[in-house]
Each structure stands twice: as structure tokens, then as C-alpha cells.
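What follows is the content of final_14.cif (mmCIF, C-alpha atoms).
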```
data_upload
#
loop_
_atom_site.group_PDB
_atom_site.id
_atom_site.type_symbol
_atom_site.label_atom_id
_atom_site.label_comp_id
_atom_site.auth_asym_id
_atom_site.auth_seq_id
_atom_site.Cartn_x
_atom_site.Cartn_y
_atom_site.Cartn_z
ATOM 1 C CA MET W 1 -3.881 -7.011 -18.869
ATOM 2 C CA LYS W 2 -0.172 -7.476 -18.162
ATOM 3 C CA ARG W 3 -0.684 -11.237 -18.086
ATOM 4 C CA LEU W 4 -2.374 -11.130 -21.517
ATOM 5 C CA ILE W 5 0.498 -9.118 -23.025
ATOM 6 C CA LEU W 6 3.071 -11.488 -21.494
ATOM 7 C CA CYS W 7 1.217 -14.519 -22.892
ATOM 8 C CA ALA W 8 1.087 -12.897 -26.346
ATOM 9 C CA ILE W 9 4.836 -12.208 -26.293
ATOM 10 C CA ILE W 10 5.628 -15.787 -25.227
ATOM 11 C CA PHE W 11 3.324 -17.151 -27.937
ATOM 12 C CA LEU W 12 5.048 -15.040 -30.609
ATOM 13 C CA LEU W 13 8.514 -16.107 -29.465
ATOM 14 C CA ILE W 14 7.620 -19.797 -29.436
ATOM 15 C CA GLY W 15 5.896 -19.474 -32.812
ATOM 16 C CA SER W 16 8.893 -17.794 -34.413
ATOM 17 C CA ILE W 17 11.207 -20.552 -33.148
ATOM 18 C CA ALA W 18 8.887 -23.326 -34.331
ATOM 19 C CA TYR W 19 8.630 -21.876 -37.834
ATOM 20 C CA ALA W 20 12.224 -20.694 -38.264
ATOM 21 C CA LYS W 21 13.458 -20.993 -41.807
ATOM 22 C CA GLY W 22 16.561 -22.859 -42.752
ATOM 23 C CA MET W 23 19.455 -21.548 -44.808
ATOM 24 C CA GLU W 24 19.179 -21.775 -48.595
ATOM 25 C CA ILE W 25 22.005 -21.272 -51.088
ATOM 26 C CA ASN W 26 21.374 -21.263 -54.849
ATOM 27 C CA LYS W 27 24.341 -21.346 -57.241
ATOM 28 C CA LYS W 28 25.135 -22.241 -60.816
ATOM 29 C CA THR W 29 28.193 -24.352 -61.492
ATOM 30 C CA GLY W 30 29.379 -26.590 -64.308
ATOM 31 C CA GLY W 31 26.084 -26.310 -66.200
ATOM 32 C CA TYR W 32 24.001 -27.198 -63.130
ATOM 33 C CA ASP W 33 21.602 -25.188 -61.008
ATOM 34 C CA VAL W 34 22.310 -26.299 -57.447
ATOM 35 C CA ARG W 35 20.136 -25.603 -54.399
ATOM 36 C CA VAL W 36 21.666 -26.340 -51.008
ATOM 37 C CA TYR W 37 19.409 -26.223 -47.972
ATOM 38 C CA LEU W 38 20.474 -26.421 -44.318
ATOM 39 C CA GLU W 39 17.555 -27.028 -41.976
ATOM 40 C CA LYS W 40 19.015 -24.780 -39.265
ATOM 41 C CA ASP W 41 19.869 -21.114 -39.692
ATOM 42 C CA PRO W 42 22.251 -20.457 -38.165
ATOM 43 C CA PRO W 43 23.799 -23.931 -38.176
ATOM 44 C CA VAL W 44 24.551 -25.293 -34.705
ATOM 45 C CA ILE W 45 27.132 -27.476 -32.994
ATOM 46 C CA GLY W 46 26.175 -31.106 -33.600
ATOM 47 C CA ASP W 47 24.119 -32.678 -36.373
ATOM 48 C CA ASN W 48 22.997 -30.442 -39.243
ATOM 49 C CA GLN W 49 20.964 -31.868 -42.128
ATOM 50 C CA ILE W 50 21.994 -30.721 -45.595
ATOM 51 C CA THR W 51 19.821 -31.238 -48.680
ATOM 52 C CA VAL W 52 21.105 -30.737 -52.229
ATOM 53 C CA THR W 53 18.924 -30.467 -55.337
ATOM 54 C CA ILE W 54 20.626 -30.468 -58.737
ATOM 55 C CA LYS W 55 19.088 -29.506 -62.099
ATOM 56 C CA ASP W 56 20.810 -29.765 -65.452
ATOM 57 C CA ALA W 57 20.845 -27.029 -68.113
ATOM 58 C CA ALA W 58 17.434 -28.205 -69.405
ATOM 59 C CA GLY W 59 15.918 -27.852 -65.915
ATOM 60 C CA LYS W 60 15.654 -31.609 -65.376
ATOM 61 C CA VAL W 61 16.379 -32.900 -61.864
ATOM 62 C CA VAL W 62 19.628 -34.883 -61.658
ATOM 63 C CA THR W 63 19.506 -38.037 -59.507
ATOM 64 C CA ASP W 64 22.347 -40.071 -61.028
ATOM 65 C CA ALA W 65 25.310 -38.087 -59.682
ATOM 66 C CA LYS W 66 27.626 -38.789 -56.776
ATOM 67 C CA VAL W 67 27.462 -35.963 -54.240
ATOM 68 C CA ARG W 68 29.992 -35.486 -51.454
ATOM 69 C CA VAL W 69 29.992 -32.733 -48.860
ATOM 70 C CA ASP W 70 33.408 -31.597 -47.618
ATOM 71 C CA TYR W 71 33.316 -29.308 -44.604
ATOM 72 C CA SER W 72 36.244 -27.767 -42.794
ATOM 73 C CA MET W 73 37.218 -25.205 -40.212
ATOM 74 C CA PRO W 74 40.442 -23.311 -40.905
ATOM 75 C CA ALA W 75 43.363 -23.452 -38.487
ATOM 76 C CA MET W 76 43.238 -21.048 -35.576
ATOM 77 C CA PRO W 77 45.875 -20.170 -32.977
ATOM 78 C CA GLY W 78 46.585 -23.311 -30.955
ATOM 79 C CA MET W 79 44.299 -25.462 -33.115
ATOM 80 C CA PRO W 80 44.949 -27.385 -36.331
ATOM 81 C CA PRO W 81 42.445 -27.241 -39.200
ATOM 82 C CA MET W 82 39.514 -29.661 -39.085
ATOM 83 C CA ASN W 83 38.460 -31.459 -42.273
ATOM 84 C CA TYR W 84 35.462 -33.786 -42.683
ATOM 85 C CA LYS W 85 33.674 -35.502 -45.571
ATOM 86 C CA THR W 86 30.289 -37.155 -45.930
ATOM 87 C CA ASP W 87 28.539 -38.712 -48.906
ATOM 88 C CA ALA W 88 25.024 -37.532 -49.679
ATOM 89 C CA ALA W 89 22.451 -40.248 -50.455
ATOM 90 C CA VAL W 90 19.720 -39.854 -53.060
ATOM 91 C CA GLN W 91 16.237 -39.606 -51.561
ATOM 92 C CA GLY W 92 13.598 -38.899 -54.188
ATOM 93 C CA ASN W 93 14.744 -35.887 -56.219
ATOM 94 C CA GLU W 94 17.384 -34.695 -53.770
ATOM 95 C CA TYR W 95 20.553 -35.705 -51.989
ATOM 96 C CA ARG W 96 20.741 -35.702 -48.186
ATOM 97 C CA ALA W 97 23.565 -35.896 -45.690
ATOM 98 C CA THR W 98 24.326 -34.996 -42.100
ATOM 99 C CA MET W 99 27.213 -32.719 -41.187
ATOM 100 C CA LYS W 100 28.496 -33.146 -37.653
ATOM 101 C CA LEU W 101 29.862 -29.716 -36.789
ATOM 102 C CA SER W 102 32.115 -29.975 -33.753
ATOM 103 C CA MET W 103 32.476 -26.341 -32.682
ATOM 104 C CA SER W 104 31.196 -22.836 -33.239
ATOM 105 C CA GLY W 105 32.841 -20.450 -35.655
ATOM 106 C CA PRO W 106 33.439 -20.171 -39.400
ATOM 107 C CA TRP W 107 33.198 -23.322 -41.552
ATOM 108 C CA ASN W 108 33.911 -23.791 -45.265
ATOM 109 C CA ILE W 109 31.513 -26.048 -47.172
ATOM 110 C CA ALA W 110 32.180 -27.622 -50.600
ATOM 111 C CA VAL W 111 29.439 -29.676 -52.251
ATOM 112 C CA LYS W 112 31.206 -31.818 -54.874
ATOM 113 C CA ILE W 113 29.126 -33.233 -57.712
ATOM 114 C CA THR W 114 30.414 -35.991 -59.993
ATOM 115 C CA ARG W 115 28.310 -37.196 -62.901
ATOM 116 C CA GLY W 116 30.114 -39.380 -65.396
ATOM 117 C CA SER W 117 33.368 -37.575 -66.176
ATOM 118 C CA LYS W 118 31.886 -34.164 -65.344
ATOM 119 C CA ARG W 119 32.732 -32.574 -61.989
ATOM 120 C CA ALA W 120 31.354 -29.427 -60.379
ATOM 121 C CA THR W 121 31.709 -27.829 -56.959
ATOM 122 C CA VAL W 122 29.580 -25.375 -55.001
ATOM 123 C CA LYS W 123 31.467 -23.563 -52.229
ATOM 124 C CA PHE W 124 30.063 -21.400 -49.454
ATOM 125 C CA ASN W 125 30.761 -20.438 -45.843
ATOM 126 C CA ILE W 126 28.645 -20.775 -42.724
ATOM 127 C CA ASP W 127 28.986 -19.452 -39.178
ATOM 128 C CA VAL W 128 28.123 -22.108 -36.595
ATOM 129 C CA ARG W 129 26.667 -20.946 -33.286
#
```
Could you render the structure as C-alpha cells?
Amino acid sequence: MKRLILCAIIFLLIGSIAYAKGMEINKKTGGYDVRVYLEKDPPVIGDNQITVTIKDAAGKVVTDAKVRVDYSMPAMPGMPPMNYKTDAAVQGNEYRATMKLSMSGPWNIAVKITRGSKRATVKFNIDVR
């Protein structure tokens, strides 16, 4: 009986890891509805995939913008601030990029959208583990 209970616990733990949800942020900015999705929640040291979906005021998906992801860690005692940028490429109806997060702790993320002469930014914070 103990073996059966142990197997059930292990199965549940493995199942919860395999089906873990990512992190989703939904914000409105500059007339756009922006959905940002990180495949890992919490984000981890190393590569983290970020997906951005943009809809205009009419609800139509925007695929003709330039999207750049700026990510930074503020200065800490004995360490200067870290600042990185990556361009997101259009894939279907969304923009995708990879953030290479170099250490654990708080990070600031700014998704910058440029479409024609119109610019908009979505800002949020993550805690990397």
C-alpha cells in the first residue's frame, strides 16, 4: 500500500511539472491590446522564450510592427546594472524572441512596439530563479 501511495505522489509531481503553465501578462498601451507570454513561470537562468501578440483597437492582429524586447537587472552592491536587447521576429500572428537571463533576481522587461510613427511600450517585472 505504501508503494502505491508513493507511486501516486511521484506521478502527480511529474505531471504537475510537465504541464506547468507559463507566465502571461495582458496590458493595453498606445491603442493596442498586448499579450506577453513567457513559457517558464518562474523564468529561469538561461534561455527564456517570450511570445508577444498585438491587437489593434478593432481587435485585428498586428503583424507589421517592429518589436524589441529590452531586459535589464538593476545595479546591486558590487555589481553594475545589466542591460540587454533582442528583436522579436514575426511567426504567424505573433512575435517571438529569446531572452538570455544571466542570473537570478529581479529583472525589468520592456516590450517596445513600433508601427509606422506610432510607438508603444509594455513594461513589467519578473523574478528569475
Output check: residues returned by the PyMOL selection byres ((chain W and resi 65-67) around 8), as an mmCIF file with C-alpha atoms, in the coordinates of the input:
```cif
data_model
loop_
_atom_site.group_PDB
_atom_site.id
_atom_site.type_symbol
_atom_site.label_atom_id
_atom_site.label_comp_id
_atom_site.auth_asym_id
_atom_site.auth_seq_id
_atom_site.Cartn_x
_atom_site.Cartn_y
_atom_site.Cartn_z
ATOM 1 C CA VAL W 62 19.628 -34.883 -61.658
ATOM 2 C CA THR W 63 19.506 -38.037 -59.507
ATOM 3 C CA ASP W 64 22.347 -40.071 -61.028
ATOM 4 C CA ARG W 68 29.992 -35.486 -51.454
ATOM 5 C CA VAL W 69 29.992 -32.733 -48.860
ATOM 6 C CA ASP W 87 28.539 -38.712 -48.906
ATOM 7 C CA ALA W 88 25.024 -37.532 -49.679
ATOM 8 C CA ALA W 89 22.451 -40.248 -50.455
ATOM 9 C CA TYR W 95 20.553 -35.705 -51.989
ATOM 10 C CA VAL W 111 29.439 -29.676 -52.251
ATOM 11 C CA LYS W 112 31.206 -31.818 -54.874
ATOM 12 C CA ILE W 113 29.126 -33.233 -57.712
ATOM 13 C CA THR W 114 30.414 -35.991 -59.993
ATOM 14 C CA ARG W 115 28.310 -37.196 -62.901
ATOM 15 C CA GLY W 116 30.114 -39.380 -65.396
#
```
* Tell me, in Å to one decimal, how far atom CA of Gly31 of chain W is from atom CA of Thr53 of chain W. =>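 Atom CA of Gly31 of chain W sits 13.7 Å away from atom CA of Thr53 of chain W.
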* Quick one: residues within 10 Å of Asp56 of chain W, all atoms listed in the file counted, chain neighbours fewer than 5 positions away excluded, as a ChimeraX atom specification? -> /W:28-34,61-62
* Residues around (25.7, -38.5, -44.5), cut-off 12 Å, counting only C-alpha atoms - what are they as an NGL selection string? -> :W and (47-52 or 67-71 or 84-91 or 95-100)
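When the distance limit is 8 Å and only C-alpha atoms are what count, the residues near Asn125 of chain W, minus those fewer than 3 positions from it on the same chain, are Pro106, Trp107, Asn108 and Ile109 of chain W.
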* atom CA of Ser102 of chain W to atom CA of Asn26 of chain W, distance in Å rounded to a single decimal ->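 According to the coordinates, atom CA of Ser102 of chain W and atom CA of Asn26 of chain W are separated by 25.2 Å.
In this comparison, which uses only C-alpha atoms, the residue of W:Met103, W:Val122, W:Ser117, W:Asp41 approaching Pro74 of chain W most closely is W:Met103.
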* To do: Find the distance between atom CA of Val128 of chain W and atom CA of Met82 of chain W and write it in Å to one decimal.
  =>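 So the answer is 13.9 Å.
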Output, as lines of an AutoDock Vina configuration file, the centre and edge lengths in Å (one decimal) of the axis-aligned box that contains all listed atoms of segment 93-107 of chain W with 4 Å of margin on each side.
```
center_x = 24.1
center_y = -28.0
center_z = -44.5
size_x = 26.7
size_y = 23.7
size_z = 31.5
```
The PyMOL selection byres ((chain W and resi 37) around 7) applied to the shown file, residues as a PDB file with C-alpha atoms, keeping the file's coordinate frame:
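As a result, result.pdb now contains:
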```
ATOM      1  CA  GLY W  22      16.561 -22.859 -42.752  1.00  0.00           C
ATOM      2  CA  MET W  23      19.455 -21.548 -44.808  1.00  0.00           C
ATOM      3  CA  GLU W  24      19.179 -21.775 -48.595  1.00  0.00           C
ATOM      4  CA  ILE W  25      22.005 -21.272 -51.088  1.00  0.00           C
ATOM      5  CA  ARG W  35      20.136 -25.603 -54.399  1.00  0.00           C
ATOM      6  CA  VAL W  36      21.666 -26.340 -51.008  1.00  0.00           C
ATOM      7  CA  LEU W  38      20.474 -26.421 -44.318  1.00  0.00           C
ATOM      8  CA  GLU W  39      17.555 -27.028 -41.976  1.00  0.00           C
ATOM      9  CA  ILE W  50      21.994 -30.721 -45.595  1.00  0.00           C
ATOM     10  CA  THR W  51      19.821 -31.238 -48.680  1.00  0.00           C
ATOM     11  CA  VAL W  52      21.105 -30.737 -52.229  1.00  0.00           C
TER      12      VAL W  52
END
```
* To do: Go through W:Pro77, W:Val44, W:Ala110, W:Ser72 and flag the residue nearest Asp127 of chain W, using only C-alpha atoms for the distances.
  =>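 Checking each of W:Pro77, W:Val44, W:Ala110, W:Ser72 against Asp127 of chain W, counting only C-alpha atoms, the winner is W:Val44.
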* Measuring atom to atom with all atoms listed in the file, identify which of W:Lys118, W:Arg129, W:Lys21, W:Lys60 is nearest to Ile45 of chain W. =>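 When distances to Ile45 of chain W are compared using all atoms listed in the file, the smallest one comes from W:Arg129.
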